[in-house]
file input.csv (CSV, C-alpha atoms and all ligand atoms)
chain,number,residue,atom,x,y,z
A,299,MET,CA,2.4,-21.3,5.7
A,300,LYS,CA,3.4,-24.7,4.1
A,301,VAL,CA,4.3,-25.7,0.6
A,302,LEU,CA,2.4,-28.9,-0.1
A,303,ASN,CA,3.4,-29.6,-3.6
A,304,LEU,CA,5.4,-27.8,-6.3
A,305,LYS,CA,5.6,-28.4,-10.1
A,306,ALA,CA,8.0,-26.6,-12.4
A,307,LYS,CA,8.2,-26.8,-16.1
A,308,SER,CA,10.8,-25.1,-18.3
A,309,TYR,CA,12.0,-23.2,-15.3
A,310,ARG,CA,15.7,-22.3,-15.8
A,311,ASN,CA,17.4,-25.7,-16.0
A,312,LEU,CA,14.5,-27.5,-14.4
A,313,ALA,CA,12.7,-29.1,-17.4
A,314,GLY,CA,10.2,-30.9,-15.3
A,315,LEU,CA,10.0,-31.1,-11.5
A,316,GLU,CA,7.4,-32.5,-9.2
A,317,TYR,CA,8.2,-32.1,-5.5
A,318,THR,CA,6.3,-32.9,-2.4
A,319,PRO,CA,8.2,-31.5,0.6
A,320,GLY,CA,7.8,-32.5,4.2
A,321,GLU,CA,6.1,-30.2,6.8
A,322,GLY,CA,9.3,-29.5,8.8
A,323,VAL,CA,12.9,-29.2,7.6
A,324,ASN,CA,13.6,-30.1,4.0
A,325,ILE,CA,17.2,-30.6,3.0
A,326,ILE,CA,17.8,-30.6,-0.7
A,327,CYS,CA,21.3,-31.7,-1.7
A,328,GLY,CA,23.1,-32.1,-4.9
A,329,GLU,CA,26.2,-31.0,-6.8
A,330,ASN,CA,26.8,-27.4,-7.9
A,331,GLY,CA,24.9,-26.4,-11.0
A,332,LEU,CA,22.1,-28.9,-10.5
A,333,GLY,CA,19.4,-26.3,-10.0
A,334,LYS,CA,19.0,-26.1,-6.2
A,335,THR,CA,19.0,-22.3,-6.1
A,336,ASN,CA,16.6,-22.4,-9.1
A,337,LEU,CA,14.2,-24.5,-7.0
A,338,ILE,CA,14.5,-22.1,-4.0
A,339,GLU,CA,13.9,-19.1,-6.4
A,340,SER,CA,10.8,-20.8,-7.9
A,341,ILE,CA,9.2,-21.0,-4.4
A,342,TRP,CA,10.2,-17.4,-3.7
A,343,LEU,CA,8.4,-16.1,-6.8
A,344,PHE,CA,5.1,-17.1,-5.3
A,345,THR,CA,5.5,-14.2,-2.8
A,346,GLY,CA,4.8,-11.8,-5.7
A,347,CYS,CA,8.2,-10.2,-5.3
A,348,ARG,CA,10.9,-10.1,-7.9
A,349,SER,CA,13.6,-12.8,-8.0
A,350,PHE,CA,16.5,-12.2,-5.7
A,351,ARG,CA,18.8,-13.2,-8.6
A,352,SER,CA,17.7,-11.2,-11.6
A,353,VAL,CA,15.7,-8.2,-12.5
A,354,ARG,CA,14.0,-9.4,-15.6
A,355,ASP,CA,11.2,-11.9,-15.3
A,356,LYS,CA,12.1,-13.7,-18.5
A,357,ASP,CA,15.5,-14.7,-17.2
A,358,VAL,CA,13.9,-17.7,-15.5
A,359,VAL,CA,12.4,-19.1,-18.7
A,360,MET,CA,14.5,-22.1,-19.9
A,361,PHE,CA,16.7,-21.1,-22.8
A,362,ASN,CA,14.9,-21.5,-26.1
A,363,GLN,CA,11.5,-22.1,-24.5
A,364,PRO,CA,8.5,-19.7,-24.8
A,365,GLN,CA,7.5,-19.8,-21.1
A,366,ALA,CA,8.1,-21.2,-17.7
A,367,GLU,CA,5.2,-22.7,-15.7
A,368,LEU,CA,5.1,-23.1,-11.9
A,369,GLU,CA,2.3,-24.5,-9.9
A,370,MET,CA,2.1,-24.7,-6.2
A,371,GLU,CA,-0.3,-26.1,-3.7
A,372,PHE,CA,0.1,-24.5,-0.3
A,373,PHE,CA,-1.5,-24.4,3.0
A,374,SER,CA,-2.4,-21.0,4.4
A,375,GLY,CA,-5.1,-19.6,6.7
A,376,SER,CA,-6.2,-23.2,7.6
A,377,ARG,CA,-7.0,-24.2,4.1
A,378,SER,CA,-5.1,-25.4,1.0
A,379,LYS,CA,-4.8,-23.1,-2.0
A,380,THR,CA,-3.4,-23.5,-5.5
A,381,ALA,CA,-1.4,-20.8,-7.3
A,382,LYS,CA,0.0,-20.8,-10.8
A,383,LEU,CA,2.6,-18.6,-12.4
A,384,ILE,CA,3.1,-18.5,-16.1
A,385,ILE,CA,6.2,-16.5,-16.9
A,386,ASP,CA,7.2,-15.2,-20.4
A,387,GLU,CA,8.1,-11.5,-20.8
A,388,LYS,CA,6.3,-11.0,-17.5
A,389,ARG,CA,4.5,-12.9,-14.9
A,390,HIS,CA,0.9,-14.0,-15.1
A,391,ALA,CA,-0.6,-15.4,-11.9
A,392,GLU,CA,-3.6,-17.4,-10.9
A,393,LEU,CA,-4.9,-18.1,-7.4
A,394,ASN,CA,-7.4,-20.9,-6.9
A,395,GLY,CA,-8.1,-21.0,-10.6
A,396,ILE,CA,-8.9,-17.3,-10.8
A,397,SER,CA,-6.6,-15.1,-12.8
A,398,LEU,CA,-5.0,-12.1,-11.0
A,399,ALA,CA,-4.2,-8.8,-12.7
A,400,SER,CA,-0.4,-9.3,-12.3
A,401,GLY,CA,2.2,-11.4,-10.5
A,402,ARG,CA,2.4,-8.7,-7.8
A,403,LYS,CA,-1.1,-9.5,-6.7
A,404,MET,CA,0.2,-12.6,-5.1
A,405,MET,CA,1.8,-10.4,-2.4
A,406,GLY,CA,0.5,-11.3,1.1
A,407,GLU,CA,-1.0,-14.6,-0.1
A,408,PHE,CA,2.1,-16.7,0.2
A,409,THR,CA,4.7,-15.4,2.6
A,410,CYS,CA,8.3,-16.5,2.9
A,411,VAL,CA,11.8,-15.4,4.0
A,412,VAL,CA,14.8,-16.2,1.8
A,413,PHE,CA,18.4,-16.1,2.9
A,414,THR,CA,21.2,-16.8,0.4
A,415,PRO,CA,24.9,-15.6,0.2
A,416,LEU,CA,23.6,-12.8,-2.1
A,417,HIS,CA,21.7,-11.4,1.0
A,418,LEU,CA,25.0,-10.5,2.7
A,419,SER,CA,24.8,-7.5,0.6
A,420,ILE,CA,22.2,-6.1,3.1
A,421,VAL,CA,25.2,-5.5,5.4
A,422,LYS,CA,28.1,-5.2,3.0
A,423,ASP,CA,26.8,-3.1,0.2
A,424,GLY,CA,25.2,0.3,-0.4
A,425,PRO,CA,22.0,1.8,0.9
A,426,GLU,CA,19.9,0.4,-1.9
A,427,GLU,CA,20.2,-3.1,-0.5
A,428,ARG,CA,19.0,-2.0,2.9
A,429,ARG,CA,16.0,-0.2,1.4
A,430,LYS,CA,15.3,-3.3,-0.6
A,431,PHE,CA,15.4,-5.4,2.5
A,432,LEU,CA,12.7,-3.3,4.2
A,433,ASP,CA,10.7,-2.9,1.1
A,434,ILE,CA,10.4,-6.7,0.6
A,435,ALA,CA,9.4,-7.3,4.2
A,436,LEU,CA,6.8,-4.5,4.0
A,437,SER,CA,5.5,-5.8,0.6
A,438,GLN,CA,4.6,-9.1,2.3
A,439,LEU,CA,3.2,-7.5,5.4
A,440,LYS,CA,1.2,-4.8,3.6
A,441,PRO,CA,0.3,-5.5,0.0
A,442,ASN,CA,-0.6,-1.8,-0.5
A,443,TYR,CA,2.9,-0.8,0.4
A,444,ALA,CA,4.3,-2.1,-2.9
A,445,LYS,CA,1.7,-0.1,-4.8
A,446,ALA,CA,2.7,3.1,-2.9
A,447,LEU,CA,6.3,2.4,-3.7
A,448,LEU,CA,5.6,2.1,-7.4
A,449,GLU,CA,3.7,5.3,-7.3
A,450,TYR,CA,6.5,7.0,-5.5
A,451,ASN,CA,9.0,5.9,-8.2
A,452,ARG,CA,6.7,7.2,-10.9
A,453,ILE,CA,6.3,10.6,-9.3
A,454,LEU,CA,10.1,10.7,-8.8
A,455,SER,CA,10.8,10.2,-12.5
A,456,GLN,CA,8.2,12.8,-13.4
A,457,ARG,CA,9.8,15.3,-11.0
A,458,ASN,CA,13.2,14.5,-12.5
A,459,ALA,CA,11.9,15.0,-16.0
A,460,THR,CA,10.5,18.4,-14.9
A,461,LEU,CA,13.8,19.4,-13.4
A,462,ARG,CA,15.5,18.7,-16.7
A,463,ALA,CA,12.9,20.8,-18.5
A,464,ALA,CA,13.1,23.6,-15.9
A,465,ARG,CA,16.9,23.9,-16.4
A,466,ASP,CA,16.3,25.1,-20.0
A,467,ASN,CA,13.0,26.8,-19.5
A,468,SER,CA,12.1,28.5,-16.2
A,469,ALA,CA,8.4,28.3,-17.1
A,470,TYR,CA,8.5,24.7,-15.8
A,471,LEU,CA,9.6,25.8,-12.3
A,472,ALA,CA,5.9,26.3,-11.3
A,473,MET,CA,5.2,22.7,-12.0
A,474,LEU,CA,7.7,21.6,-9.5
A,475,ASP,CA,5.5,22.8,-6.6
A,476,ILE,CA,3.0,20.1,-7.6
A,477,TRP,CA,5.6,17.4,-7.9
A,478,ASP,CA,7.1,18.3,-4.5
A,479,GLU,CA,3.8,18.0,-2.9
A,480,GLU,CA,3.1,14.6,-4.4
A,481,LEU,CA,6.5,13.3,-3.8
A,482,ALA,CA,6.5,14.4,-0.1
A,483,LYS,CA,3.1,12.9,0.4
A,484,LYS,CA,4.0,9.5,-1.0
A,485,GLY,CA,7.5,9.7,0.5
A,486,ALA,CA,6.0,10.2,4.0
A,487,VAL,CA,4.0,7.0,3.6
A,488,ILE,CA,7.1,5.1,2.5
A,489,ILE,CA,9.4,6.5,5.2
A,490,ASP,CA,6.8,6.2,8.0
A,491,ASN,CA,6.3,2.5,7.1
A,492,ARG,CA,10.1,1.8,6.8
A,493,MET,CA,10.8,3.5,10.2
A,494,ARG,CA,8.1,1.5,11.9
A,495,CYS,CA,9.1,-1.7,10.3
A,496,LEU,CA,12.7,-1.1,11.5
A,497,GLU,CA,11.5,-0.4,15.0
A,498,ASN,CA,9.6,-3.7,15.0
A,499,LEU,CA,12.5,-5.6,13.6
A,500,LYS,CA,14.8,-4.4,16.4
A,501,GLU,CA,12.7,-6.3,18.9
A,502,TYR,CA,13.6,-9.6,17.3
A,503,ALA,CA,17.0,-8.8,15.7
A,504,TYR,CA,18.8,-7.6,18.8
A,505,PRO,CA,18.2,-10.8,20.9
A,506,ALA,CA,18.9,-12.9,17.9
A,507,TYR,CA,22.3,-11.2,17.4
A,508,ASP,CA,23.1,-11.5,21.1
A,509,GLU,CA,22.5,-15.3,20.9
A,510,ILE,CA,24.4,-15.8,17.7
A,511,SER,CA,27.4,-13.8,18.9
A,512,SER,CA,27.2,-15.1,22.5
A,513,GLY,CA,26.9,-11.5,23.6
A,514,LYS,CA,30.3,-10.5,22.3
A,515,GLU,CA,29.0,-7.4,20.5
A,516,LYS,CA,25.7,-5.5,20.5
A,517,LEU,CA,23.7,-4.9,17.4
A,518,THR,CA,22.2,-1.5,16.8
A,519,LEU,CA,19.9,-0.5,13.9
A,520,ARG,CA,19.2,3.1,13.2
A,521,TYR,CA,17.1,4.8,10.6
A,522,LYS,CA,19.1,7.4,8.7
A,523,GLU,CA,17.3,10.5,7.4
A,524,TYR,CA,19.2,12.1,4.5
A,525,ALA,CA,19.7,15.9,4.3
A,526,ARG,CA,16.5,16.8,6.2
A,527,GLU,CA,15.3,17.4,9.7
A,528,LYS,CA,14.6,14.3,11.9
A,529,ALA,CA,10.9,13.7,12.1
A,530,GLU,CA,8.4,11.1,13.3
A,531,GLY,CA,4.9,10.2,12.1
A,532,ARG,CA,3.5,10.8,8.6
A,533,GLU,CA,2.6,14.5,9.0
A,534,GLU,CA,6.0,15.5,10.5
A,535,ILE,CA,7.9,13.5,7.9
A,536,TYR,CA,5.9,15.2,5.2
A,537,GLN,CA,6.7,18.6,6.5
A,538,SER,CA,10.4,17.8,6.8
A,539,LEU,CA,10.4,16.5,3.2
A,540,ILE,CA,8.6,19.6,1.8
A,541,ASN,CA,11.1,21.8,3.6
A,542,ALA,CA,14.1,19.9,2.3
A,543,LEU,CA,12.8,19.7,-1.3
A,544,LYS,CA,12.4,23.5,-1.2
A,545,GLU,CA,15.9,24.0,0.2
A,546,LYS,CA,17.4,21.8,-2.4
A,547,ARG,CA,15.4,23.0,-5.4
A,548,GLU,CA,18.1,25.2,-7.0
A,549,SER,CA,20.8,22.5,-6.9
A,550,ASP,CA,18.3,19.8,-7.9
A,551,VAL,CA,17.5,21.9,-11.1
A,552,ASP,CA,21.2,22.3,-11.7
A,553,HIS,CA,21.8,18.6,-11.4
A,554,CYS,CA,18.5,17.5,-12.9
A,555,THR,CA,18.0,15.0,-10.1
A,556,THR,CA,16.0,14.8,-6.8
A,557,SER,CA,18.7,14.8,-4.1
A,558,ILE,CA,16.5,14.0,-1.1
A,559,GLY,CA,13.7,11.7,-0.2
A,560,ALA,CA,12.7,8.1,0.4
A,561,HIS,CA,14.9,6.9,-2.5
A,562,ARG,CA,18.0,8.2,-0.7
A,563,GLU,CA,17.4,7.2,2.9
A,564,GLU,CA,18.4,4.0,4.6
A,565,PHE,CA,19.4,2.5,8.0
A,566,SER,CA,22.7,1.8,9.6
A,567,ILE,CA,23.8,-1.5,11.1
A,568,GLU,CA,26.3,-1.1,13.9
A,569,LEU,CA,28.1,-3.6,16.1
A,570,SER,CA,29.0,-2.2,19.4
A,571,GLY,CA,28.9,1.3,17.9
A,572,LYS,CA,31.0,0.5,14.8
A,573,SER,CA,29.6,0.3,11.3
A,574,ALA,CA,29.2,-3.4,10.4
A,575,ARG,CA,29.7,-2.5,6.7
A,576,LYS,CA,33.1,-0.8,7.2
A,577,PHE,CA,34.5,-2.7,10.2
A,578,GLY,CA,32.7,-6.0,10.6
A,579,SER,CA,34.5,-9.3,9.9
A,580,GLN,CA,33.0,-11.7,7.4
A,581,GLY,CA,31.5,-13.7,10.3
A,582,GLN,CA,30.1,-10.7,12.1
A,583,GLN,CA,28.5,-9.5,8.8
A,584,ARG,CA,27.0,-12.9,8.2
A,585,SER,CA,25.6,-12.9,11.8
A,586,ALA,CA,24.1,-9.5,11.4
A,587,ALA,CA,22.4,-10.5,8.1
A,588,LEU,CA,21.1,-13.7,9.7
A,589,SER,CA,19.7,-11.8,12.6
A,590,LEU,CA,17.9,-9.4,10.2
A,591,LYS,CA,16.5,-12.4,8.3
A,592,LEU,CA,15.3,-14.2,11.4
A,593,ALA,CA,13.7,-11.0,12.6
A,594,GLU,CA,11.9,-10.6,9.3
A,595,ALA,CA,10.5,-14.1,9.8
A,596,ASP,CA,9.4,-13.3,13.4
A,597,LEU,CA,7.8,-10.0,12.3
A,598,ILE,CA,5.8,-11.6,9.5
A,599,ALA,CA,4.6,-14.3,11.9
A,600,LYS,CA,3.5,-11.7,14.4
A,601,VAL,CA,1.7,-9.5,12.0
A,602,THR,CA,0.1,-12.1,9.8
A,603,GLY,CA,-0.5,-14.7,12.5
A,604,GLU,CA,1.2,-17.3,10.4
A,605,GLU,CA,4.8,-18.6,10.2
A,606,PRO,CA,6.3,-17.8,6.8
A,607,VAL,CA,8.2,-20.5,4.9
A,608,ILE,CA,12.0,-20.2,5.4
A,609,LEU,CA,14.4,-20.7,2.4
A,610,LEU,CA,18.1,-21.1,3.3
A,611,ASP,CA,20.1,-21.4,0.2
A,612,ASP,CA,23.8,-22.4,0.6
A,613,VAL,CA,24.1,-20.5,3.9
A,614,PHE,CA,23.4,-23.1,6.6
A,615,SER,CA,26.5,-25.3,5.9
A,616,GLU,CA,28.7,-22.2,6.0
A,617,LEU,CA,27.7,-21.5,9.6
A,618,ASP,CA,29.9,-22.7,12.5
A,619,PRO,CA,28.3,-25.4,14.8
A,620,GLN,CA,27.2,-22.8,17.4
A,621,ARG,CA,25.4,-20.7,14.9
A,622,GLN,CA,23.9,-23.8,13.2
A,623,LYS,CA,22.6,-24.9,16.6
A,624,TYR,CA,21.0,-21.5,17.2
A,625,VAL,CA,19.3,-21.5,13.8
A,626,VAL,CA,18.0,-25.0,14.3
A,627,SER,CA,16.5,-23.8,17.6
A,628,ARG,CA,14.6,-21.2,15.6
A,629,LEU,CA,13.3,-23.6,13.0
A,630,GLN,CA,10.7,-25.4,15.2
A,631,ASN,CA,7.2,-25.2,13.8
A,632,ARG,CA,8.3,-23.8,10.6
A,633,GLN,CA,8.6,-25.3,7.1
A,634,VAL,CA,12.2,-24.8,6.0
A,635,PHE,CA,14.1,-25.5,2.8
A,636,ILE,CA,17.8,-25.9,3.2
A,637,THR,CA,20.1,-26.5,0.2
A,638,CYS,CA,23.6,-27.8,0.4
A,639,CYS,CA,26.2,-29.8,-1.6
A,640,ASP,CA,27.0,-32.3,1.1
A,641,GLU,CA,24.5,-33.3,3.8
A,642,GLU,CA,27.3,-34.3,6.1
A,643,ASN,CA,27.9,-30.6,6.8
A,644,LEU,CA,24.5,-30.4,8.4
A,645,VAL,CA,24.7,-31.5,12.0
A,646,HIS,CA,22.5,-30.6,15.0
A,647,MET,CA,19.2,-31.5,13.3
A,648,GLN,CA,18.2,-33.8,16.1
A,649,GLY,CA,14.7,-33.3,17.4
A,650,LEU,CA,13.4,-31.8,14.1
A,651,ASP,CA,11.2,-33.4,11.5
A,652,VAL,CA,13.8,-33.6,8.7
A,653,LYS,CA,13.3,-34.9,5.1
A,654,VAL,CA,16.5,-35.2,3.0
A,655,GLU,CA,16.3,-35.4,-0.7
A,656,ARG,CA,18.7,-35.3,-3.6
A,657,LEU,CA,17.6,-33.0,-6.4
A,658,GLU,CA,17.9,-35.7,-9.0
A,659,GLN,CA,15.1,-37.6,-7.3
A,660,ILE,CA,12.6,-34.8,-7.7
A,661,THR,CA,13.3,-33.8,-11.3
A,662,THR,CA,11.3,-35.9,-13.6
A,663,GLU,CA,13.1,-35.1,-16.9
B,701,LIG,N1,17.1,-19.5,-18.2
B,701,LIG,C1,17.8,-20.7,-18.0
B,701,LIG,N2,17.6,-21.7,-18.8
B,701,LIG,C2,18.3,-22.9,-18.7
B,701,LIG,N3,19.3,-23.1,-17.7
B,701,LIG,C3,19.5,-22.0,-16.9
B,701,LIG,C4,18.8,-20.8,-17.0
B,701,LIG,N4,19.3,-20.0,-16.0
B,701,LIG,C5,20.2,-20.7,-15.3
B,701,LIG,N5,20.4,-21.9,-15.8
B,701,LIG,C6,21.3,-23.0,-15.4
B,701,LIG,O1,20.9,-23.4,-14.1
B,701,LIG,C7,22.1,-23.9,-13.5
B,701,LIG,C8,22.4,-23.4,-12.2
B,701,LIG,O2,21.4,-23.8,-11.3
B,701,LIG,P1,21.6,-23.4,-9.8
B,701,LIG,O3,20.2,-23.5,-9.3
B,701,LIG,O4,22.3,-22.1,-9.6
B,701,LIG,O5,22.5,-24.6,-9.3
B,701,LIG,P2,22.9,-25.0,-7.8
B,701,LIG,O6,22.2,-24.0,-6.9
B,701,LIG,O7,22.4,-26.4,-7.6
B,701,LIG,O8,24.4,-24.9,-7.8
B,701,LIG,C9,23.3,-23.5,-14.4
B,701,LIG,O9,23.8,-24.7,-15.0
B,701,LIG,C10,22.7,-22.5,-15.3
B,701,LIG,O10,23.3,-22.6,-16.6
B,702,MG,MG,23.1,-22.6,-5.6

call {"tool": "encode", "arguments": {"input": "input.csv", "output": "structure tokens"}}
result
Amino acid sequence: MKVLNLKAKSYRNLAGLEYTPGEGVNIICGENGLGKTNLIESIWLFTGCRSFRSVRDKDVVMFNQPQAELEMEFFSGSRSKTAKLIIDEKRHAELNGISLASGRKMMGEFTCVVFTPLHLSIVKDGPEERRKFLDIALSQLKPNYAKALLEYNRILSQRNATLRAARDNSAYLAMLDIWDEELAKKGAVIIDNRMRCLENLKEYAYPAYDEISSGKEKLTLRYKEYAREKAEGREEIYQSLINALKEKRESDVDHCTTSIGAHREEFSIELSGKSARKFGSQGQQRSAALSLKLAEADLIAKVTGEEPVILLDDVFSELDPQRQKYVVSRLQNRQVFITCCDEENLVHMQGLDVKVERLEQITTE
């Protein structure tokens, strides 16, 4: 996967940008507030996933403008393709001149892995961040996964609405059987995929962490069921979800919320047996997040047969020389975008095809 050309219009503070990156490592430097993260974010949006910075699509539209326009030429599957995103209240996408039903339909067409200081939240923050990490990787690997997740969330809110109704009127209790069945069915698809994705990530994340930390600690990732029997495979997971939903029904009705299921589960990140979230140092947490991100890139490459584009926003210059060296060793044959304030912080780039540009040079207005 390679970005050949990118145009942005009225995208956050980028009024007009035309950018032709190199095939290898692209270093984009410039002072704070110039729009480097905005540029990284604009590339990311072509994955079909939501921005890593904001929830609402329209946040990326330049203040007082009706819409933002992005156009990208990229190389994928041994041919060049063109994608266009028009963003107003929501995203409209076009691929090779053909309009797609939604921005999400770009999933799987353009793959990339992004790592910014915000992504430290995968290690430092609550379960939602770890679920999101797996969901984003899976959405790029299996475009149908994102659809299943949307359906799961829809069923979940319908079940919760029925719980509220059942608290006041027991006639609604009978309807819960149907929602339990639907929720367990979709939940089993989500959980089975997440468990298998985590298994596959281990294969790459463990050796990566070993290298980054010089073998000082050992990384362990473990899927965590929540308030249900351990299970493996779609059918077994379905059964354990059905049992747990039944067991929790009374308290779920009392609290008007679904207390178990895919929306509650996560995975733990441990360093030599201790929670990285609770006990890891800043450096250890950063190394764990970096290992997960590199593993995500390796997995995408293995499954799709094509190296994803790598976006490193404001993280590379924060790494110590040993970690920088390791990351560089993993950048061969990949197109990479690295942002920084001062290119002098970036050493160890020898042997790579590096193109350095100042952001001012690629903004046209
Ligand atoms: N919707 C928007 N319209 C116009 N400017 C925006 C919008 N959203 C963010 N910005 C501006 O973009 C700038 C930040 O860009 P950013 O990419 O974070 O900078 P950098 O990464 O180079 O430090 C800020 O000045 C911010 O005010
Ligand atoms: Mg930035």

call {"tool": "closest_atom_pairs", "arguments": {"input": "input.csv", "of": "chain A", "to": "ligand MG 702 (chain B)", "cutoff": "9 Å", "atoms": "only C-alpha atoms and all ligand atoms", "output": "CSV"}}
result
residue,atom,partner,partner_atom,distance
A:Asn330,CA,B:MG702,MG,6.5
A:Gly331,CA,B:MG702,MG,6.8
A:Leu332,CA,B:MG702,MG,8.0
A:Gly333,CA,B:MG702,MG,6.8
A:Lys334,CA,B:MG702,MG,5.4
A:Thr335,CA,B:MG702,MG,4.1
A:Asn336,CA,B:MG702,MG,7.4
A:Ile338,CA,B:MG702,MG,8.8
A:Thr414,CA,B:MG702,MG,8.6
A:Asp611,CA,B:MG702,MG,6.6
A:Asp612,CA,B:MG702,MG,6.2
A:Thr637,CA,B:MG702,MG,7.6
A:Cys638,CA,B:MG702,MG,8.0
A:Cys639,CA,B:MG702,MG,8.8

call {"tool": "write_last_selection", "arguments": {"input": "input.csv", "atoms": "C-alpha atoms", "output": "short mmCIF file (atom, residue, chain, number, x, y, z; two decimals), in the frame of the given file"}}
result
data_model
loop_
_atom_site.label_atom_id
_atom_site.label_comp_id
_atom_site.auth_asym_id
_atom_site.auth_seq_id
_atom_site.Cartn_x
_atom_site.Cartn_y
_atom_site.Cartn_z
CA ASN A 330 26.80 -27.40 -7.90
CA GLY A 331 24.90 -26.40 -11.00
CA LEU A 332 22.10 -28.90 -10.50
CA GLY A 333 19.40 -26.30 -10.00
CA LYS A 334 19.00 -26.10 -6.20
CA THR A 335 19.00 -22.30 -6.10
CA ASN A 336 16.60 -22.40 -9.10
CA ILE A 338 14.50 -22.10 -4.00
CA THR A 414 21.20 -16.80 0.40
CA ASP A 611 20.10 -21.40 0.20
CA ASP A 612 23.80 -22.40 0.60
CA THR A 637 20.10 -26.50 0.20
CA CYS A 638 23.60 -27.80 0.40
CA CYS A 639 26.20 -29.80 -1.60
#

call {"tool": "residues_around", "arguments": {"input": "input.csv", "residues": "Ala306 (chain A)", "least_positions_apart": "4", "cutoff": "12 Å", "atoms": "all atoms listed in the file", "output": "CSV table (one decimal) with C-alpha atoms, keeping the file's coordinate frame"}}
result
chain,number,residue,atom,x,y,z
A,310,ARG,CA,15.7,-22.3,-15.8
A,311,ASN,CA,17.4,-25.7,-16.0
A,312,LEU,CA,14.5,-27.5,-14.4
A,313,ALA,CA,12.7,-29.1,-17.4
A,314,GLY,CA,10.2,-30.9,-15.3
A,315,LEU,CA,10.0,-31.1,-11.5
A,316,GLU,CA,7.4,-32.5,-9.2
A,317,TYR,CA,8.2,-32.1,-5.5
A,318,THR,CA,6.3,-32.9,-2.4
A,333,GLY,CA,19.4,-26.3,-10.0
A,336,ASN,CA,16.6,-22.4,-9.1
A,337,LEU,CA,14.2,-24.5,-7.0
A,338,ILE,CA,14.5,-22.1,-4.0
A,339,GLU,CA,13.9,-19.1,-6.4
A,340,SER,CA,10.8,-20.8,-7.9
A,341,ILE,CA,9.2,-21.0,-4.4
A,343,LEU,CA,8.4,-16.1,-6.8
A,358,VAL,CA,13.9,-17.7,-15.5
A,359,VAL,CA,12.4,-19.1,-18.7
A,360,MET,CA,14.5,-22.1,-19.9
A,365,GLN,CA,7.5,-19.8,-21.1
A,366,ALA,CA,8.1,-21.2,-17.7
A,367,GLU,CA,5.2,-22.7,-15.7
A,368,LEU,CA,5.1,-23.1,-11.9
A,369,GLU,CA,2.3,-24.5,-9.9
A,370,MET,CA,2.1,-24.7,-6.2
A,382,LYS,CA,0.0,-20.8,-10.8
A,383,LEU,CA,2.6,-18.6,-12.4
A,384,ILE,CA,3.1,-18.5,-16.1
A,385,ILE,CA,6.2,-16.5,-16.9
A,660,ILE,CA,12.6,-34.8,-7.7
A,661,THR,CA,13.3,-33.8,-11.3
A,662,THR,CA,11.3,-35.9,-13.6
A,663,GLU,CA,13.1,-35.1,-16.9

call {"tool": "closest_residue", "arguments": {"input": "input.csv", "among": "A:Asp640, A:Asp651, A:Glu563, A:Glu479", "to": "ligand LIG 701 (chain B)", "atoms": "all atoms listed in the file"}}
result
A:Asp640

call {"tool": "residues_around", "arguments": {"input": "input.csv", "residues": "region 623-626 of chain A", "least_positions_apart": "5", "cutoff": "10 Å", "atoms": "all atoms listed in the file", "output": "compact mmCIF listing (two decimals) with C-alpha atoms, in the coordinates of the input"}}
result
# COMPACT_ATOMS: atom_id res chain seq x y z
CA VAL A 323 12.90 -29.20 7.60
CA ALA A 506 18.90 -12.90 17.90
CA GLU A 509 22.50 -15.30 20.90
CA ILE A 510 24.40 -15.80 17.70
CA LEU A 588 21.10 -13.70 9.70
CA SER A 589 19.70 -11.80 12.60
CA LEU A 592 15.30 -14.20 11.40
CA PHE A 614 23.40 -23.10 6.60
CA LEU A 617 27.70 -21.50 9.60
CA ASP A 618 29.90 -22.70 12.50
CA VAL A 645 24.70 -31.50 12.00
CA HIS A 646 22.50 -30.60 15.00
CA MET A 647 19.20 -31.50 13.30
CA GLN A 648 18.20 -33.80 16.10
CA GLY A 649 14.70 -33.30 17.40
CA LEU A 650 13.40 -31.80 14.10

call {"tool": "closest_residue", "arguments": {"input": "input.csv", "among": "A:Val487, A:Thr602, A:Val613, A:Ser511", "to": "ligand LIG 701 (chain B)", "atoms": "only C-alpha atoms and all ligand atoms"}}
result
A:Val613

call {"tool": "residues_around", "arguments": {"input": "input.csv", "residues": "region 533-544 of chain A", "least_positions_apart": "5", "cutoff": "9 Å", "atoms": "all atoms listed in the file", "output": "number ranges by chain"}}
result
A: 475, 478-479, 481-487, 489-490, 525-528, 550, 556-559

call {"tool": "residues_around", "arguments": {"input": "input.csv", "residues": "region 388-393 of chain A", "least_positions_apart": "5", "cutoff": "12 Å", "atoms": "all atoms listed in the file", "output": "ChimeraX atom specification"}}
result
/A:343-349,353-359,364-372,378-383,398-405,407-408

call {"tool": "residues_around", "arguments": {"input": "input.csv", "residues": "Ala459 (chain A)", "least_positions_apart": "6", "cutoff": "12 Å", "atoms": "only C-alpha atoms", "output": "PyMOL selection string"}}
result
chain A and resi 452-453+465-466+470-471+473-474+477+550-551+553-556

call {"tool": "write_last_selection", "arguments": {"input": "input.csv", "atoms": "C-alpha atoms", "output": "JSON list (two decimals), in the frame of the given file"}}
result
[["chain", "number", "residue", "atom", "x", "y", "z"],
["A", 452, "ARG", "CA", 6.70, 7.20, -10.90],
["A", 453, "ILE", "CA", 6.30, 10.60, -9.30],
["A", 465, "ARG", "CA", 16.90, 23.90, -16.40],
["A", 466, "ASP", "CA", 16.30, 25.10, -20.00],
["A", 470, "TYR", "CA", 8.50, 24.70, -15.80],
["A", 471, "LEU", "CA", 9.60, 25.80, -12.30],
["A", 473, "MET", "CA", 5.20, 22.70, -12.00],
["A", 474, "LEU", "CA", 7.70, 21.60, -9.50],
["A", 477, "TRP", "CA", 5.60, 17.40, -7.90],
["A", 550, "ASP", "CA", 18.30, 19.80, -7.90],
["A", 551, "VAL", "CA", 17.50, 21.90, -11.10],
["A", 553, "HIS", "CA", 21.80, 18.60, -11.40],
["A", 554, "CYS", "CA", 18.50, 17.50, -12.90],
["A", 555, "THR", "CA", 18.00, 15.00, -10.10],
["A", 556, "THR", "CA", 16.00, 14.80, -6.80]]
